[in-house]
Every structure is written in structure tokens, then in C-alpha cells.
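Structure data (mmCIF, C-alpha atoms and all ligand atoms) from coords01.cif:
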```cif
data_data
loop_
_atom_site.label_atom_id
_atom_site.label_comp_id
_atom_site.auth_asym_id
_atom_site.auth_seq_id
_atom_site.Cartn_x
_atom_site.Cartn_y
_atom_site.Cartn_z
CA MET Q 1054 94.81 118.38 -4.27
CA ALA Q 1055 96.11 119.27 -7.75
CA PHE Q 1056 94.10 120.38 -10.76
CA VAL Q 1057 95.48 120.78 -14.29
CA TYR Q 1058 93.88 122.94 -17.01
CA LYS Q 1059 94.77 122.09 -20.59
CA SER Q 1060 93.09 124.29 -23.17
CA ASP Q 1061 93.47 127.85 -24.38
CA PRO Q 1062 96.31 129.28 -22.22
CA VAL Q 1063 94.88 132.81 -22.16
CA ARG Q 1064 91.65 131.56 -20.63
CA GLY Q 1065 93.74 129.20 -18.48
CA ALA Q 1066 95.39 132.21 -16.86
CA VAL Q 1067 91.93 133.49 -15.89
CA TRP Q 1068 91.00 130.07 -14.46
CA ALA Q 1069 94.24 130.14 -12.46
CA ARG Q 1070 93.42 133.56 -10.98
CA LEU Q 1071 89.86 132.49 -10.12
CA PHE Q 1072 91.02 129.24 -8.50
CA ALA Q 1073 93.59 131.18 -6.47
CA GLU Q 1074 90.82 133.48 -5.21
CA ARG Q 1075 88.07 130.94 -4.64
CA ALA Q 1076 89.86 127.67 -3.90
CA PRO Q 1077 93.37 128.54 -2.67
CA GLN Q 1078 93.73 125.02 -1.23
CA VAL Q 1079 93.87 123.60 -4.79
CA ALA Q 1080 97.28 123.45 -6.50
CA PHE Q 1081 96.22 124.75 -9.93
CA HIS Q 1082 98.43 124.30 -12.99
CA VAL Q 1083 98.03 125.46 -16.58
CA TRP Q 1084 99.40 122.88 -19.04
CA PRO Q 1085 102.24 122.20 -19.83
CA GLU Q 1086 102.91 122.87 -16.11
CA THR Q 1087 101.58 119.96 -14.07
CA GLY Q 1088 103.52 119.98 -10.79
CA ASP Q 1089 104.00 116.41 -9.52
CA PRO Q 1090 101.91 114.37 -12.02
CA ALA Q 1091 101.15 111.79 -9.34
CA ALA Q 1092 99.38 114.49 -7.30
CA VAL Q 1093 97.01 115.45 -10.15
CA ARG Q 1094 93.47 114.33 -9.30
CA PHE Q 1095 91.50 116.55 -11.67
CA LEU Q 1096 92.00 117.62 -15.29
CA ALA Q 1097 89.98 120.12 -17.32
CA ALA Q 1098 90.88 119.73 -20.99
CA TRP Q 1099 89.65 120.32 -24.50
CA ILE Q 1100 92.04 117.64 -25.81
CA PRO Q 1101 93.52 115.45 -23.04
CA PRO Q 1102 97.21 114.57 -23.32
CA PRO Q 1103 97.91 111.25 -25.03
CA ASP Q 1104 98.53 108.41 -22.61
CA LEU Q 1105 96.56 110.12 -19.90
CA ALA Q 1106 96.49 107.16 -17.51
CA ARG Q 1107 100.27 106.79 -17.48
CA LEU Q 1108 100.89 110.51 -17.22
CA PHE Q 1109 98.40 111.12 -14.37
CA PRO Q 1110 98.08 107.75 -12.60
CA ASN Q 1111 95.86 109.17 -9.84
CA LEU Q 1112 93.44 111.14 -11.99
CA GLU Q 1113 89.91 110.99 -10.57
CA VAL Q 1114 87.82 113.19 -12.90
CA LEU Q 1115 88.19 114.52 -16.44
CA PHE Q 1116 86.25 117.75 -17.12
CA SER Q 1117 85.66 118.82 -20.71
CA ALA Q 1118 86.63 122.44 -21.21
CA GLY Q 1119 83.62 122.74 -23.55
CA ALA Q 1120 80.03 121.61 -23.88
CA GLY Q 1121 80.89 118.64 -26.08
CA ILE Q 1122 82.95 115.55 -25.35
CA ASP Q 1123 83.09 114.17 -28.90
CA GLN Q 1124 86.68 115.44 -29.20
CA PHE Q 1125 87.67 112.83 -26.58
CA ASP Q 1126 88.72 109.40 -27.76
CA LEU Q 1127 86.74 107.48 -25.15
CA SER Q 1128 88.49 104.21 -26.01
CA ALA Q 1129 91.82 105.79 -25.01
CA LEU Q 1130 90.55 106.89 -21.59
CA PRO Q 1131 90.52 104.67 -18.50
CA PRO Q 1132 87.08 102.97 -18.57
CA ASP Q 1133 86.13 104.00 -15.03
CA LEU Q 1134 87.30 107.62 -15.23
CA PRO Q 1135 84.29 109.92 -14.74
CA ILE Q 1136 83.93 112.46 -17.57
CA VAL Q 1137 81.99 115.68 -17.03
CA ARG Q 1138 80.74 117.99 -19.79
CA MET Q 1139 80.72 121.74 -19.35
CA ILE Q 1140 77.24 122.97 -18.47
CA GLU Q 1141 77.69 126.52 -17.33
CA PRO Q 1142 75.51 129.64 -17.60
CA GLY Q 1143 78.01 131.71 -19.61
CA LEU Q 1144 78.18 129.10 -22.34
CA VAL Q 1145 74.39 128.75 -22.34
CA ARG Q 1146 73.89 132.51 -22.69
CA GLY Q 1147 76.32 132.71 -25.61
CA MET Q 1148 74.44 129.97 -27.44
CA VAL Q 1149 71.09 131.64 -26.80
CA GLU Q 1150 72.44 134.90 -28.25
CA TYR Q 1151 73.86 133.23 -31.37
CA VAL Q 1152 70.81 131.12 -32.14
CA CYS Q 1153 68.42 134.02 -31.58
CA TRP Q 1154 70.54 136.20 -33.86
CA ALA Q 1155 70.50 133.48 -36.54
CA VAL Q 1156 66.79 132.67 -36.25
CA LEU Q 1157 65.82 136.36 -36.24
CA GLY Q 1158 68.10 136.98 -39.23
CA LEU Q 1159 66.44 134.21 -41.23
CA HIS Q 1160 62.97 135.14 -40.00
CA ARG Q 1161 63.48 138.78 -41.08
CA ASP Q 1162 64.94 137.80 -44.51
CA MET Q 1163 68.38 139.27 -43.86
CA PRO Q 1164 70.11 137.06 -46.49
CA ALA Q 1165 67.79 138.51 -49.15
CA TYR Q 1166 68.29 142.10 -47.94
CA LEU Q 1167 72.09 141.75 -47.94
CA ARG Q 1168 71.97 140.42 -51.50
CA ASP Q 1169 69.66 143.27 -52.47
CA GLN Q 1170 71.92 145.87 -50.93
CA ARG Q 1171 74.86 144.66 -53.00
CA ALA Q 1172 72.65 144.83 -56.09
CA GLU Q 1173 71.40 148.31 -55.07
CA ALA Q 1174 67.86 146.91 -55.08
CA TRP Q 1175 65.19 148.42 -52.82
CA THR Q 1176 62.73 145.56 -52.40
CA GLN Q 1177 60.37 145.30 -49.45
CA LEU Q 1178 59.27 141.82 -48.48
CA ARG Q 1179 56.22 141.17 -46.35
CA VAL Q 1180 56.96 141.18 -42.60
CA LEU Q 1181 55.68 137.93 -41.16
CA PRO Q 1182 54.92 138.04 -37.43
CA ALA Q 1183 57.04 135.65 -35.34
CA ALA Q 1184 53.90 133.70 -34.44
CA GLY Q 1185 53.65 132.74 -38.10
CA ARG Q 1186 57.16 131.26 -38.20
CA ARG Q 1187 57.67 127.68 -37.06
CA VAL Q 1188 61.04 127.12 -35.43
CA GLY Q 1189 62.23 123.60 -34.59
CA VAL Q 1190 65.16 122.76 -32.36
CA LEU Q 1191 66.89 119.38 -32.63
CA GLY Q 1192 68.18 118.53 -29.15
CA LEU Q 1193 66.39 119.32 -25.90
CA GLY Q 1194 69.31 119.43 -23.51
CA VAL Q 1195 70.27 122.43 -21.43
CA LEU Q 1196 71.21 124.46 -24.53
CA GLY Q 1197 68.17 123.51 -26.60
CA CYS Q 1198 65.76 124.30 -23.77
CA ALA Q 1199 67.40 127.66 -23.04
CA VAL Q 1200 67.27 128.61 -26.72
CA LEU Q 1201 63.60 127.63 -26.97
CA GLU Q 1202 62.68 129.66 -23.93
CA GLN Q 1203 64.13 132.79 -25.50
CA LEU Q 1204 62.62 132.06 -28.94
CA ARG Q 1205 59.22 131.63 -27.32
CA GLY Q 1206 59.69 135.08 -25.82
CA PHE Q 1207 59.78 136.49 -29.37
CA GLY Q 1208 56.53 134.68 -30.05
CA PHE Q 1209 57.82 132.05 -32.49
CA ASP Q 1210 55.78 128.88 -32.95
CA CYS Q 1211 58.28 126.53 -31.31
CA ALA Q 1212 58.89 122.79 -31.41
CA GLY Q 1213 61.67 120.56 -30.20
CA TRP Q 1214 62.83 117.08 -31.08
CA SER Q 1215 64.96 114.75 -28.99
CA ARG Q 1216 65.89 111.09 -28.85
CA SER Q 1217 63.85 110.51 -25.71
CA ARG Q 1218 60.59 112.10 -24.57
CA HIS Q 1219 60.84 115.58 -23.04
CA ALA Q 1220 58.24 118.11 -21.96
CA VAL Q 1221 59.05 121.81 -22.37
CA ALA Q 1222 56.46 124.45 -21.48
CA GLY Q 1223 55.00 126.13 -24.56
CA VAL Q 1224 56.95 123.91 -26.96
CA ALA Q 1225 55.53 121.10 -29.09
CA CYS Q 1226 57.83 118.20 -28.22
CA PHE Q 1227 58.58 115.32 -30.57
CA ALA Q 1228 60.61 112.21 -29.66
CA GLY Q 1229 62.49 109.49 -31.47
CA LYS Q 1230 62.97 108.59 -35.13
CA GLY Q 1231 59.27 107.87 -35.54
CA GLU Q 1232 58.22 111.44 -34.78
CA LEU Q 1233 61.01 113.13 -36.74
CA PRO Q 1234 58.98 113.46 -39.99
CA ALA Q 1235 56.11 115.27 -38.22
CA PHE Q 1236 58.60 117.59 -36.50
CA LEU Q 1237 60.38 118.41 -39.77
CA ALA Q 1238 57.14 118.98 -41.66
CA ARG Q 1239 56.24 121.82 -39.27
CA THR Q 1240 59.68 123.47 -39.20
CA ASP Q 1241 60.42 126.61 -41.23
CA ILE Q 1242 63.71 127.26 -39.43
CA LEU Q 1243 65.63 124.23 -38.17
CA VAL Q 1244 68.24 124.61 -35.43
CA CYS Q 1245 70.60 121.70 -34.73
CA LEU Q 1246 71.89 121.58 -31.17
CA LEU Q 1247 72.49 117.85 -30.97
CA PRO Q 1248 75.63 116.29 -29.53
CA LEU Q 1249 77.78 114.28 -31.95
CA THR Q 1250 77.09 110.58 -31.44
CA ALA Q 1251 76.97 107.52 -33.70
CA ASP Q 1252 73.25 108.27 -34.18
CA THR Q 1253 73.63 111.95 -35.10
CA ARG Q 1254 76.66 111.61 -37.40
CA GLY Q 1255 75.41 112.39 -40.92
CA MET Q 1256 71.88 113.05 -39.66
CA LEU Q 1257 71.52 116.36 -41.54
CA ASP Q 1258 71.26 114.70 -44.93
CA ALA Q 1259 69.17 114.80 -48.12
CA ARG Q 1260 66.37 112.78 -46.55
CA LEU Q 1261 66.07 115.09 -43.59
CA PHE Q 1262 66.18 118.19 -45.79
CA ALA Q 1263 63.45 116.71 -48.02
CA GLY Q 1264 61.21 116.42 -44.96
CA LEU Q 1265 61.29 120.19 -44.33
CA PRO Q 1266 58.95 122.65 -46.04
CA GLN Q 1267 60.52 124.03 -49.21
CA GLY Q 1268 62.86 126.96 -48.60
CA ALA Q 1269 63.40 126.19 -44.89
CA GLY Q 1270 66.31 127.80 -43.06
CA LEU Q 1271 69.04 125.82 -41.31
CA VAL Q 1272 71.07 126.89 -38.27
CA GLN Q 1273 73.80 124.35 -37.53
CA VAL Q 1274 75.41 124.83 -34.12
CA GLY Q 1275 75.92 121.15 -33.33
CA ARG Q 1276 79.00 119.46 -34.73
CA GLY Q 1277 80.44 119.44 -38.25
CA PRO Q 1278 80.20 115.68 -38.94
CA GLN Q 1279 76.42 115.77 -38.42
CA LEU Q 1280 76.04 117.56 -41.74
CA VAL Q 1281 76.39 115.83 -45.12
CA GLU Q 1282 77.83 118.82 -46.92
CA ALA Q 1283 77.17 117.53 -50.44
CA ASP Q 1284 73.50 117.01 -49.53
CA LEU Q 1285 73.29 120.55 -48.17
CA ARG Q 1286 74.77 121.93 -51.36
CA ALA Q 1287 72.22 120.07 -53.46
CA ALA Q 1288 69.38 121.21 -51.18
CA LEU Q 1289 70.53 124.85 -51.36
CA ASP Q 1290 70.93 124.76 -55.12
CA ALA Q 1291 67.48 123.18 -55.50
CA GLY Q 1292 65.90 125.76 -53.17
CA GLN Q 1293 64.83 123.06 -50.71
CA ILE Q 1294 66.94 124.85 -48.09
CA GLY Q 1295 66.63 128.61 -48.51
CA HIS Q 1296 69.66 129.61 -46.47
CA ALA Q 1297 72.07 127.94 -44.04
CA ILE Q 1298 73.91 129.50 -41.12
CA LEU Q 1299 76.74 127.22 -40.06
CA ASP Q 1300 78.97 127.66 -37.05
CA VAL Q 1301 80.57 124.24 -37.37
CA CYS Q 1302 81.97 122.26 -40.28
CA ASP Q 1303 84.19 119.26 -40.94
CA PRO Q 1304 87.12 119.64 -40.86
CA GLU Q 1305 87.72 122.76 -38.82
CA PRO Q 1306 89.16 125.12 -39.84
CA LEU Q 1307 87.41 124.86 -43.20
CA PRO Q 1308 90.10 124.35 -45.89
CA PRO Q 1309 90.80 127.20 -48.35
CA GLY Q 1310 88.78 126.94 -51.54
CA HIS Q 1311 85.97 124.88 -49.95
CA TRP Q 1312 82.58 125.66 -51.55
CA LEU Q 1313 81.05 126.65 -48.21
CA TRP Q 1314 83.23 129.78 -48.07
CA GLN Q 1315 81.65 131.32 -51.14
CA HIS Q 1316 78.15 129.86 -51.47
CA PRO Q 1317 75.67 132.76 -51.68
CA LYS Q 1318 73.16 130.94 -49.49
CA VAL Q 1319 75.58 130.17 -46.66
CA TRP Q 1320 76.74 132.28 -43.75
CA LEU Q 1321 79.66 130.69 -41.97
CA THR Q 1322 81.20 131.51 -38.61
CA PRO Q 1323 84.34 129.84 -37.17
CA HIS Q 1324 82.88 127.78 -34.29
CA ILE Q 1325 82.25 130.82 -32.10
CA ALA Q 1326 78.53 130.41 -31.39
CA SER Q 1327 79.42 130.06 -27.75
CA MET Q 1328 82.43 129.62 -25.53
CA THR Q 1329 83.01 128.54 -21.98
CA GLN Q 1330 83.27 131.67 -19.81
CA PRO Q 1331 85.92 131.27 -17.12
CA GLU Q 1332 84.05 133.27 -14.43
CA SER Q 1333 80.94 131.12 -14.47
CA ALA Q 1334 82.71 127.88 -15.49
CA VAL Q 1335 85.03 127.94 -12.49
CA GLU Q 1336 82.01 128.31 -10.18
CA VAL Q 1337 80.41 125.27 -11.80
CA VAL Q 1338 83.60 123.19 -11.63
CA LEU Q 1339 84.18 124.09 -7.98
CA ALA Q 1340 80.59 123.11 -7.15
CA ASN Q 1341 81.17 119.79 -8.94
CA LEU Q 1342 84.41 119.23 -7.00
CA ARG Q 1343 82.45 119.73 -3.77
CA ARG Q 1344 79.82 117.26 -4.95
CA PHE Q 1345 82.51 114.76 -5.92
CA GLU Q 1346 84.27 115.02 -2.56
CA ALA Q 1347 80.89 114.56 -0.83
CA GLY Q 1348 80.15 111.47 -2.91
CA GLU Q 1349 77.24 113.17 -4.69
CA PRO Q 1350 76.56 112.99 -8.46
CA MET Q 1351 78.27 115.72 -10.49
CA VAL Q 1352 76.25 117.92 -12.86
CA GLY Q 1353 77.07 117.04 -16.47
CA LEU Q 1354 78.41 113.55 -15.77
CA VAL Q 1355 78.70 111.79 -19.12
CA ASP Q 1356 76.97 108.49 -19.81
CA ARG Q 1357 79.58 106.83 -22.02
CA GLY Q 1358 77.09 104.39 -23.48
CA ARG Q 1359 74.87 107.24 -24.63
CA GLY Q 1360 77.85 109.29 -25.81
CA TYR Q 1361 77.04 112.59 -24.02
C1 LIG Q 1401 82.07 124.16 -28.20
O1 LIG Q 1401 81.72 123.73 -29.23
C2 LIG Q 1401 81.95 123.49 -26.93
O2 LIG Q 1401 81.79 122.26 -26.93
O3 LIG Q 1401 81.98 124.17 -25.91
#
```
Represent the structure of the file as C-alpha cells.
Ligand code: GLV
Amino acid sequence: MAFVYKSDPVRGAVWARLFAERAPQVAFHVWPETGDPAAVRFLAAWIPPPDLARLFPNLEVLFSAGAGIDQFDLSALPPDLPIVRMIEPGLVRGMVEYVCWAVLGLHRDMPAYLRDQRAEAWTQLRVLPAAGRRVGVLGLGVLGCAVLEQLRGFGFDCAGWSRSRHAVAGVACFAGKGELPAFLARTDILVCLLPLTADTRGMLDARLFAGLPQGAGLVQVGRGPQLVEADLRAALDAGQIGHAILDVCDPEPLPPGHWLWQHPKVWLTPHIASMTQPESAVEVVLANLRRFEAGEPMVGLVDRGRGY
């Protein structure tokens, strides 16, 4: 059985070592090595090679090297090819760390203190207990639920919104377009952890911002095209959004001279909120391979109609 990895080659070398240790029966190749392409049954890729079906005629599963699959052109992939997103504990932990850092930073007024430091101003703001801060997470998948669990641990007043109804212990859950206004109205710090789909493209727009309490914080760790950047700029300049922490933008990398680089109310990081960790990811992929061979459903199997 042959498996090809096509993503960051440095991490690919770690995958290769782990496969050699844990699944020596698998012929593992790091792209552009493929061995005999006709023997390749499994591919883990961030961006699959063009003309995948012709190149690997016997491919049985495509694994995304990351949590998202929006970078795949689904129309260019064989319609019956199973696609699996990366749900692995290392990636989840990284996201929990980043979002907690961002929410705590906004909660504890760090943007104001950094500005004050540069101005040599010693100004103490009132310390609001976490219980008095309402945090709302858009997206109640594995990442959203893990983030909420940790935020609850700090004592934040937590809510979550998703397309379909979810129940999360200790979290006020809202579902569907109809309940979005009520969710936004009770959200001082909004975290976006939604996948990019036709429904979520452009969702972070002027209307959504207007539904938040004035001065709300935004943490965007979803996908760049979900944010209408011009609407964010207007909301920041009007004070409707107090501060935005963005880990994703559109396009990536952000072009030189773009206003987001320099806006005083924006902190920007280069899509590093979380990354697939080879150690834990290989475990998850091997477990999925066992499930696949046993005819059982794989964890993270993508519903193409739903888009994630
Ligand atoms: C990163 O954004 C990922 O999808 O893993």
C-alpha cells in the first residue's frame, strides 16, 4: 500500500519517520517522490496535484493536511473520492492556545496598554472579572467546542452559534440565521471558527458588526474570505469594533501596503493560530486507515454537499 504526502517537506520528513516506525508496511513517499503512481492509494495534501485522477488512478482517500478543505477545488476531484479533514489533538490544542491568548488579551485591554506604553502613559483601567465578559464563538465543531471549554475554565460568560442545533455544557447555544441577532447582541468578544463555505463567505460584514455591542472585539481564526475587509475598516474607524485580531486574510500573504498591516486597532498574525502536528496527526491518519480498511466510517469524512 502506498501513501503520498504533499505539503510542507520539513514536516513531511517527520511524517515519513513516524510512518516508518508505526506502519512499516506502508510505502510512504514525500512529494515529488511518488513511487509507482498506480500503487498510490492514499494522499495527504494541502494542495493536491492538478489532474489528480490521471496521476493517481487508484487513489482511494484524500486527506487534507490541515483542518480546512476549502483550498481543494472539489469540482476538480473525482466525485466519489472520500475526502477527510484533519481533526487531530495537536491542531486543536494550538487553536485553543491562540484563541485563549487573543480573548484574554482583549478582555484585559492589552491593545490599550500597548498604545499607552508607546505614549508613555500610565493609565489604569478597571479590571472586569471574566464572568462579566460575554464571549461568543461562531462555529461549534471540534475546534469551537474545545476553545469554549477552555474559555469557560477562565469563567467567561460563553455562547456559541452554529448552523445546526448543538448542545455544549455551560454554553448558551444559538442555531441558524434566525438566532444570530440574539447571539451577536450578547457578544463582547466574537471569535470566528467557521469553515469557509458558500454560506460563510462574506459573513463578517457591516450588518453582522452592527449587531454586536459597540466596541466589541473580533478574533478571526476562520478563513480570510469570510471577512469583508472594507466593512471591518469602517467598523473599526467608527468604534463599532474596538479591536480586531486576525490570523487569516484574503489574499495570503497580505500584500505590502495593505491597510491591515498598519491599522492601530488590528493585530495580525500570518495564519499561524494552529498547525497540524505530525506526531498526533500521524496517529489519527493511521487510525483512519485502519477504519477505512475495516469498512468503518473515517473520522473527519467531509460531506461535500455541506462543504466541510
Ligand atoms: C489551517 O488553517 C488548517 O486548515 O489547518
Using all atoms listed in the file, find each residue with an atom at most 8 Å away from ligand LIG 1401 (chain Q) and format the answer as a short mmCIF file (atom, residue, chain, number, x, y, z; two decimals) with C-alpha atoms, in the frame of the given file.
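Contents of pocket-v3.cif, freshly written:
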```cif
data_model
loop_
_atom_site.label_atom_id
_atom_site.label_comp_id
_atom_site.auth_asym_id
_atom_site.auth_seq_id
_atom_site.Cartn_x
_atom_site.Cartn_y
_atom_site.Cartn_z
CA ALA Q 1118 86.63 122.44 -21.21
CA GLY Q 1119 83.62 122.74 -23.55
CA ALA Q 1120 80.03 121.61 -23.88
CA GLY Q 1121 80.89 118.64 -26.08
CA ILE Q 1122 82.95 115.55 -25.35
CA MET Q 1139 80.72 121.74 -19.35
CA LEU Q 1144 78.18 129.10 -22.34
CA GLY Q 1275 75.92 121.15 -33.33
CA ARG Q 1276 79.00 119.46 -34.73
CA HIS Q 1324 82.88 127.78 -34.29
CA ILE Q 1325 82.25 130.82 -32.10
CA ALA Q 1326 78.53 130.41 -31.39
CA SER Q 1327 79.42 130.06 -27.75
CA MET Q 1328 82.43 129.62 -25.53
CA THR Q 1329 83.01 128.54 -21.98
#
```
Please compute the CA of Gln1279 in chain Q-CA of Leu1191 in chain Q distance, one decimal, in Å.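 Value for the CA of Gln1279 in chain Q-CA of Leu1191 in chain Q distance: 11.7 Å.
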Which value, in Å to one decimal, gives the distance between CA of Ala1055 in chain Q and CA of Val1079 in chain Q?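 CA of Ala1055 in chain Q sits 5.7 Å away from CA of Val1079 in chain Q.
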Given all atoms listed in the file as the basis, pick out the residue of Q:Ser1117, Q:Thr1322, Q:Gln1078, Q:Gln1293 nearest to Pro1306 in chain Q. Q:Thr1322
Would you list the contacts of Gly1255 in chain Q as an mmCIF file with C-alpha atoms, in the frame of the given file, taking every protein, DNA or RNA residue within 8 Å and counting all atoms listed in the file, but skipping same-chain residues closer than 3 positions in sequence?
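Result file is result-v1.cif:
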```
data_model
loop_
_atom_site.group_PDB
_atom_site.id
_atom_site.type_symbol
_atom_site.label_atom_id
_atom_site.label_comp_id
_atom_site.auth_asym_id
_atom_site.auth_seq_id
_atom_site.Cartn_x
_atom_site.Cartn_y
_atom_site.Cartn_z
ATOM 1 C CA ASP Q 1258 71.260 114.700 -44.930
ATOM 2 C CA PRO Q 1278 80.200 115.680 -38.940
ATOM 3 C CA GLN Q 1279 76.420 115.770 -38.420
ATOM 4 C CA LEU Q 1280 76.040 117.560 -41.740
ATOM 5 C CA VAL Q 1281 76.390 115.830 -45.120
#
```
Within 8 Å of range 1339-1355 of chain Q, counting only C-alpha atoms, which residues qualify if same-chain residues fewer than 3 places away don't, as a count of residues only? 11
Selection: 8 Å around Leu1265 in chain Q, only C-alpha atoms, excl. self and same-chain fewer than 4 positions, as an MDAnalysis selection string: chainID Q and resid 1237:1241 1261 1269 1293
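Among Q:Glu1141, Q:Glu1173, Q:Asp1252, Q:Asp1104, the residue with the shortest atom-to-atom distance to Ala1199 in chain Q, counting only C-alpha atoms, is Q:Glu1141.
Pairwise distance (CA of Leu1159 in chain Q, CA of Arg1187 in chain Q) equals 11.7 Å.
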Minimum-distance residue to Phe1236 in chain Q, chosen among Q:Pro1077, Q:Gly1223, Q:Gly1264, Q:Pro1132 (using only C-alpha atoms):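 Of Q:Pro1077, Q:Gly1223, Q:Gly1264, Q:Pro1132, the one nearest Phe1236 in chain Q is Q:Gly1264, counting only C-alpha atoms.
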